[in-house]
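Asker: The structure is given below, and queries will be raised subsequently.
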Amino acid sequence: MRASWADLAANSAAENVATGSSANGVAGDSSRATRSAYIPPHLRNRPAVSVPPAPTSAAPAAGSGQSGYGGSSWGGPRNDYGSKSGYTGGGGRGSWGSRGGSWGGGRDQEVNPFADDVDDERTFAEQENSGINFDAYEDIPVETSGQNIPAPVNTFAEIDLGEALNANIRRCKYVKPTPVQRYSIPISLEGRDLMACAQTGSGKTAAFCFPIIYGIMKAGQQIQRPSRCARTVYPLALILSPTRELSMQIHEEARKFAYQTGVRVVVAYGGSPINQQLRELERGVDILVATPGRLVDLLERARVSLQMIRYLTLDEADRMLDMGFEPQIRKIVEQMDMPPPGERQTMLFSATFPKEIQRMASDFLSNYIFLAVGRVGSSTDLIVQRVVHVHDAEKRSYLMDLLHAQREGGVQGKQEALTLVFVETKRGADSLENWLFTNGFPSTSIHGDRTQQEREHALRSFKSGKTPILVATDVAARGLDIPHVAHVINFDLPNDIDDYVHRIGRTGRAGKTGLATAFFNDSNASLARPLADLMQEANQEVPEWLSAYARRSTYSGGRNRRSGGGRFGGRDFRQEGSFSRGGGYDHHGGGNGGGGSGYGGYNSGATSAWD
Ligand SMILES: Nc1ncnc2c1ncn2[C@@H]1O[C@H](COP(=O)(O)OP(=O)(O)OP(=O)(O)O)[C@@H](O)[C@H]1O
């Protein structure tokens with residue numbers, strides 16, 4: 001068993017144990033409550049109609065006559081909390097308590113989730129999102145397949161998401177939808193099930209959050225939840241992700257999108273005190289973001305019921321249905337009280353979708369649309385990939401050279417740039433972090449043997465630039481959206497090419513450019529061919545020695561057959577003759593159309609980098 005899988009196994013195991021450790025960074029951040037009155041600089045002097053400022057006092061927006069949803073008089077979805085919750089509905093914008101707020105008397109104030117953005121602005125001069133290079137997305141290949149596929153949109157204005165959500169989109173400084181958003185939001189708004197495969201850093205989180213938030217806002221009062229006997233809560237949407245940090249991140253993003261919409265988002269993940277999470281749940285939950293282990297714990301304690309789930313999202317869905325997580329996911333989705341496919345809406349998202357996983361995932365879906373959004377198919381590809389031949393014994397000194405060069409010249413001119421170094425084992429991470437530190441490179445590490453507090457502290461320290469080098473196992477490979485990661489170094493390469501795709505995707509996000517360097521030697525020979533192919537498809541320079549490795553490697557199939565081929569991280573397995581369900585379906589190639597060779601099968605029995 002590889003240590004990187006052990007990381008996750010450790011997570012899972014820990015999720016079933018309520019630790020006695022003190023409050024973690026997410027929930028225990030007392031400074032946030034006091035920041036709710038602060039209006040960040042980028043929101044000052046804006047006309048109120050364009051971006052409603054954060055509330056500055058306990059006086060709620062609810063009852064102001066403004067509707068949080070499109071102008072209708074929507075009373076908010078909170079019908080299972082009654083007077084106990086302190087939420088009074090009555091206006092479009094429900095308000096919940098800040099974390100420290102008292103929940104029995106009066107109406108609590110919803111904490112402004114945009115307040116933290118100010119910290120980023122102070123640390124890094126460059127601001128995100130508004131400067132996104134959308135031209136790079138113009139020639140992106142897109143494929144959709146399935147029946148009656150809704151048309152894509154070009155602008156957010158074409159989609160009716162309601163004023164409150166639109167205001168949050170503006171607060172996030174999203175000017176245009178990204179390609180995956182252009183296609184998937186109309187599909188999801190029509191209530192269709194979806195399997196979406198789109199490149200790393202292309203905005204999948206918003207793509208699944210917007211329709212869920214809108215759907216809950218729209219359903220509003222019509223949703224009748226069971227009366228709250230005992231202390232069971234009934235979320236309407238469930239978003240599952242494989243790691244604690246990713247769940248925390250999705251929660252933070254979703255809270256921004258749901259700000260002042262009346263939709264309440266709560267997170268539950270292992271390694272931090274369950275009682276605190278239970279308290280948050282008791283205050284009401286519409287959207288529950290969770291890791292599987294902690295959710296199973298909550299379900300077994302009957303503190304959460306899935307009976308009212310209308311929306312189910314698996315982020316990093318291929319990972320969630322991989323061997324490690326599949327039993328837990330099946331338990332949650334098929335063996336508890338969740339409505340079956342067809343009665344709930346199911347959305348699966350990832351940057352990679354092996355065909356065998358697609359086949360398994362189709363159990364969870366009903367008449368779904370497959371969406372593949374490819375990489376940018378030109379030399380403007382956002383991540384520059386380099387691979388260097390380095391023997392194990394020389395890796396440290398090579399790394400040192402790279403870091404010195406980076407310090408002197410900056411990566412792509414960015415002095416403040418962050419560097420993420422992936423290693424194979426937890427011990428290897430500790431050892432490399434220590435070595436870097438003693439050699440004058442402030443660094444930290446994240447892996448499954450560190451406590452949750454240590455992991456969160458490490459991530460904060462890295463994000464802030466205090467320790468601009470993060471040594472990580474695969475626990476940090478998926479989903480984490482850390483601005484200013486300019487360089488990803490695969491000190492140890494993974495066994496699985498899809499893991500490589502996710503790792504390098506920690507840079508070059510949201511239209512920005514990034515650099516990925518891989519240390520390759522004989523022990524990585526099995527990766528030579530898929531790596532050379534991937535680099536070639538992305539218009540990267542493939543060194544002659546790597547091509548020679550690739551030619552020599554006997555191609556045995558298995559996990560390293562990339563399922564997407566060409567410019568996609570995955571293509572609809574139903575396109576293959578073997579698919580027999582459901583009859584005919586439409587198939588559209590968008591952008592530059594299809595193309596790509598496609599590797600065909602995927603051997604679920606093969607070991608992955610997570611094992
Ligand atoms: N329409 C948009 N305009 C500008 N920025 C956007 C837009 N949508 C999302 N973003 C930003 O793009 C970044 C990447 O988004 P996100 O983390 O959702 O990517 P992802 O596709 O889920 O990546 P991964 O596959 O690595 O999980 C985030 O910082 C997000 O705020």
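Residue numbers start at 1 in each chain; chains themselves are named A, B, ... in the order of the structure tokens; ligands are numbered from 1 in the order shown.
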Using only C-alpha atoms and all ligand atoms, find each residue with an atom at most 8 Å away from ligand 1 and format the answer as a VMD selection string.
Answerer: chain A and resid 128 to 130 132 172 to 178 181 198 to 207 253 315 to 316 350 to 351 478 to 483 502 505 to 506 509 to 511
Asker: Could you give me, as a list in words, the residues within 10 Å of Leu236 of chain A, counting only C-alpha atoms and dropping anything in the same chain fewer than 6 positions from it?
Answerer: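 Residues meeting the cut-off are Pro77, Ile212, Gly215, Ile216, Ile223, Arg225, Val285, Asp286, Ile287, Leu288, Ser305, Leu306, Gln307, Met308, Ile309, Arg310, Tyr311, Leu312 and Arg344 of chain A.
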Asker: How would the residues just chosen look if you wrote them out with N, CA and C atoms as a JSON list (two decimals), in the first residue's frame?
Answerer:
[["chain", "number", "residue", "atom", "x", "y", "z"],
["A", 77, "PRO", "N", -35.85, 29.11, 2.65],
["A", 77, "PRO", "CA", -36.08, 27.69, 2.73],
["A", 77, "PRO", "C", -36.10, 27.12, 4.15],
["A", 212, "ILE", "N", -27.45, 24.72, -7.56],
["A", 212, "ILE", "CA", -27.99, 24.20, -6.29],
["A", 212, "ILE", "C", -28.57, 25.35, -5.47],
["A", 215, "GLY", "N", -31.67, 26.65, -7.10],
["A", 215, "GLY", "CA", -32.78, 25.69, -6.97],
["A", 215, "GLY", "C", -33.40, 25.74, -5.59],
["A", 216, "ILE", "N", -32.56, 25.85, -4.57],
["A", 216, "ILE", "CA", -33.08, 25.89, -3.20],
["A", 216, "ILE", "C", -33.82, 27.20, -2.95],
["A", 223, "ILE", "N", -40.77, 23.65, 0.01],
["A", 223, "ILE", "CA", -40.11, 22.49, 0.59],
["A", 223, "ILE", "C", -40.60, 22.28, 2.02],
["A", 225, "ARG", "N", -40.03, 20.20, 5.14],
["A", 225, "ARG", "CA", -39.16, 19.21, 5.77],
["A", 225, "ARG", "C", -39.89, 18.57, 6.94],
["A", 285, "VAL", "N", -29.37, 23.67, 8.10],
["A", 285, "VAL", "CA", -28.50, 23.39, 6.96],
["A", 285, "VAL", "C", -29.34, 23.13, 5.72],
["A", 286, "ASP", "N", -29.02, 23.84, 4.68],
["A", 286, "ASP", "CA", -29.61, 23.57, 3.36],
["A", 286, "ASP", "C", -28.64, 22.77, 2.52],
["A", 287, "ILE", "N", -27.39, 23.23, 2.49],
["A", 287, "ILE", "CA", -26.37, 22.54, 1.71],
["A", 287, "ILE", "C", -25.33, 22.00, 2.68],
["A", 288, "LEU", "N", -25.13, 20.70, 2.67],
["A", 288, "LEU", "CA", -24.11, 20.09, 3.52],
["A", 288, "LEU", "C", -22.91, 19.69, 2.66],
["A", 305, "SER", "N", -30.20, 13.31, 8.24],
["A", 305, "SER", "CA", -30.98, 12.41, 7.37],
["A", 305, "SER", "C", -30.85, 12.91, 5.94],
["A", 306, "LEU", "N", -30.76, 11.98, 5.02],
["A", 306, "LEU", "CA", -30.62, 12.35, 3.60],
["A", 306, "LEU", "C", -31.96, 12.27, 2.87],
["A", 307, "GLN", "N", -33.00, 12.09, 3.63],
["A", 307, "GLN", "CA", -34.34, 11.90, 3.08],
["A", 307, "GLN", "C", -34.81, 13.06, 2.19],
["A", 308, "MET", "N", -34.33, 14.28, 2.49],
["A", 308, "MET", "CA", -34.81, 15.45, 1.74],
["A", 308, "MET", "C", -33.83, 15.89, 0.65],
["A", 309, "ILE", "N", -32.82, 15.08, 0.39],
["A", 309, "ILE", "CA", -31.80, 15.51, -0.58],
["A", 309, "ILE", "C", -32.42, 15.66, -1.97],
["A", 310, "ARG", "N", -32.26, 16.86, -2.51],
["A", 310, "ARG", "CA", -32.70, 17.14, -3.88],
["A", 310, "ARG", "C", -31.52, 17.16, -4.85],
["A", 311, "TYR", "N", -30.35, 17.51, -4.30],
["A", 311, "TYR", "CA", -29.16, 17.64, -5.13],
["A", 311, "TYR", "C", -28.00, 16.87, -4.48],
["A", 312, "LEU", "N", -27.38, 16.03, -5.29],
["A", 312, "LEU", "CA", -26.19, 15.33, -4.83],
["A", 312, "LEU", "C", -25.05, 15.66, -5.79],
["A", 344, "ARG", "N", -33.79, 12.63, -7.24],
["A", 344, "ARG", "CA", -32.84, 13.68, -6.85],
["A", 344, "ARG", "C", -32.07, 14.06, -8.12]]
Asker: Env of segment 386-391 of chain A: 12 Å cut, atoms = only C-alpha atoms, seq-sep filter 3 positions within chain, self excluded. Answer as a ChimeraX atom specification.
Answerer: /A:383,394-399,402,487-493,504,514-525,527-528,531-532,534-536,538-547,549
Asker: Those selected residues, please, written with C-alpha atoms and delivered as an mmCIF file, in the first residue's frame.
Answerer:
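File out.cif, as written:
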data_model
loop_
_atom_site.group_PDB
_atom_site.id
_atom_site.type_symbol
_atom_site.label_atom_id
_atom_site.label_comp_id
_atom_site.auth_asym_id
_atom_site.auth_seq_id
_atom_site.Cartn_x
_atom_site.Cartn_y
_atom_site.Cartn_z
ATOM 1 C CA ILE A 383 0.809 25.188 -17.613
ATOM 2 C CA GLU A 394 20.489 13.747 -6.642
ATOM 3 C CA LYS A 395 16.935 14.949 -6.216
ATOM 4 C CA ARG A 396 17.636 17.160 -3.210
ATOM 5 C CA SER A 397 20.538 18.994 -4.726
ATOM 6 C CA TYR A 398 18.600 19.438 -7.971
ATOM 7 C CA LEU A 399 15.679 20.834 -5.988
ATOM 8 C CA LEU A 402 15.811 25.055 -8.755
ATOM 9 C CA HIS A 487 5.460 26.199 -9.553
ATOM 10 C CA VAL A 488 4.493 22.582 -8.898
ATOM 11 C CA ILE A 489 7.442 20.234 -8.514
ATOM 12 C CA ASN A 490 6.866 16.490 -8.732
ATOM 13 C CA PHE A 491 9.858 15.519 -6.603
ATOM 14 C CA ASP A 492 8.411 11.994 -6.711
ATOM 15 C CA LEU A 493 6.128 11.328 -9.647
ATOM 16 C CA ILE A 504 0.063 20.026 -11.837
ATOM 17 C CA GLY A 514 2.076 28.189 -14.189
ATOM 18 C CA LEU A 515 5.116 25.955 -14.302
ATOM 19 C CA ALA A 516 5.293 22.224 -13.512
ATOM 20 C CA THR A 517 8.616 20.407 -13.155
ATOM 21 C CA ALA A 518 8.825 16.615 -12.822
ATOM 22 C CA PHE A 519 11.820 14.600 -11.602
ATOM 23 C CA PHE A 520 11.890 11.410 -13.627
ATOM 24 C CA ASN A 521 14.099 8.327 -13.388
ATOM 25 C CA ASP A 522 13.961 4.579 -14.022
ATOM 26 C CA SER A 523 11.476 4.011 -11.226
ATOM 27 C CA ASN A 524 8.924 6.058 -13.192
ATOM 28 C CA ALA A 525 9.311 4.104 -16.428
ATOM 29 C CA LEU A 527 4.605 6.633 -16.586
ATOM 30 C CA ALA A 528 6.829 7.478 -19.555
ATOM 31 C CA LEU A 531 3.391 11.413 -19.666
ATOM 32 C CA ALA A 532 4.993 11.887 -23.089
ATOM 33 C CA LEU A 534 0.024 14.112 -22.308
ATOM 34 C CA MET A 535 2.828 16.604 -22.826
ATOM 35 C CA GLN A 536 2.593 16.269 -26.582
ATOM 36 C CA ALA A 538 -0.575 19.969 -24.485
ATOM 37 C CA ASN A 539 2.000 21.244 -26.990
ATOM 38 C CA GLN A 540 4.839 20.817 -24.544
ATOM 39 C CA GLU A 541 8.396 20.008 -25.462
ATOM 40 C CA VAL A 542 8.964 16.286 -24.890
ATOM 41 C CA PRO A 543 12.663 15.515 -24.286
ATOM 42 C CA GLU A 544 14.085 12.910 -26.628
ATOM 43 C CA TRP A 545 15.166 10.699 -23.704
ATOM 44 C CA LEU A 546 11.546 10.597 -22.439
ATOM 45 C CA SER A 547 10.288 9.608 -25.888
ATOM 46 C CA TYR A 549 11.581 5.596 -22.484
#
Asker: Rank nothing, just name the residue among A:Lys426, A:Lys512, A:Arg192, A:Arg574 nearest to Met347 of chain A, using only C-alpha atoms.
Answerer: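 Looking at the shortest contact to Met347 of chain A, the residue is A:Arg192.
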Asker: Please report the interatomic distance between atom CA of Val296 of chain A and atom CA of Gly284 of chain A in Å with one decimal.
Answerer: 18.7 Å
Asker: Any idea what the distance is between atom CA of Phe370 of chain A and atom CA of Phe353 of chain A?
Answerer: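 Answer for the atom CA of Phe370 of chain A to atom CA of Phe353 of chain A separation: 10.6 Å.
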Asker: Skipping near chain neighbours, those fewer than 3 positions away, what residues fall within 10 Å of Pro468 of chain A using only C-alpha atoms, listed as an mmCIF file with C-alpha atoms, in the first residue's frame?
Answerer:
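Saved the output as part-v8.cif:
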data_model
loop_
_atom_site.group_PDB
_atom_site.id
_atom_site.type_symbol
_atom_site.label_atom_id
_atom_site.label_comp_id
_atom_site.auth_asym_id
_atom_site.auth_seq_id
_atom_site.Cartn_x
_atom_site.Cartn_y
_atom_site.Cartn_z
ATOM 1 C CA GLU A 416 6.341 36.164 -4.298
ATOM 2 C CA ALA A 417 5.464 32.917 -6.038
ATOM 3 C CA LEU A 418 4.534 29.850 -4.055
ATOM 4 C CA THR A 419 6.040 26.434 -4.763
ATOM 5 C CA LEU A 420 4.258 23.145 -4.121
ATOM 6 C CA PHE A 441 14.033 27.743 2.646
ATOM 7 C CA PRO A 442 11.001 28.460 4.834
ATOM 8 C CA SER A 443 8.708 25.547 4.204
ATOM 9 C CA THR A 444 5.908 23.538 5.731
ATOM 10 C CA SER A 461 1.071 29.603 6.334
ATOM 11 C CA PHE A 462 1.654 28.582 2.710
ATOM 12 C CA LYS A 463 -1.219 30.636 1.301
ATOM 13 C CA SER A 464 -0.078 33.742 3.141
ATOM 14 C CA GLY A 465 3.438 33.378 1.744
ATOM 15 C CA HIS A 484 -0.119 32.351 -6.539
ATOM 16 C CA VAL A 485 1.121 28.772 -6.782
#
Asker: For Leu321 of chain A, which of A:Val233, A:Met336, A:Ala361, A:Ala157 is the closest residue, counting only C-alpha atoms?
Answerer: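 Among the listed residues, the smallest separation from Leu321 of chain A belongs to A:Ala361.
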Asker: Between A:Met320, A:Val471, A:Leu189, A:Cys197, which has the minimum distance to Asp160 of chain A (counting only C-alpha atoms)?
Answerer: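 Comparing A:Met320, A:Val471, A:Leu189, A:Cys197 against Asp160 of chain A, the winner is A:Leu189.
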Asker: Just want the 8 Å neighbourhood of segment 182-186 of chain A, counted on only C-alpha atoms, with same-chain residues fewer than 3 positions away dropped. Output as a ChimeraX atom specification.
Answerer: /A:150-155,159,177-179,189-190,194,196,207-208,210-211,371
Asker: List as a count of residues only the protein and nucleic acid residues near Ser431 of chain A, meaning an atom at most 12 Å away when only C-alpha atoms are counted, but skip any in the same chain fewer than 3 places from it.
Answerer: 17
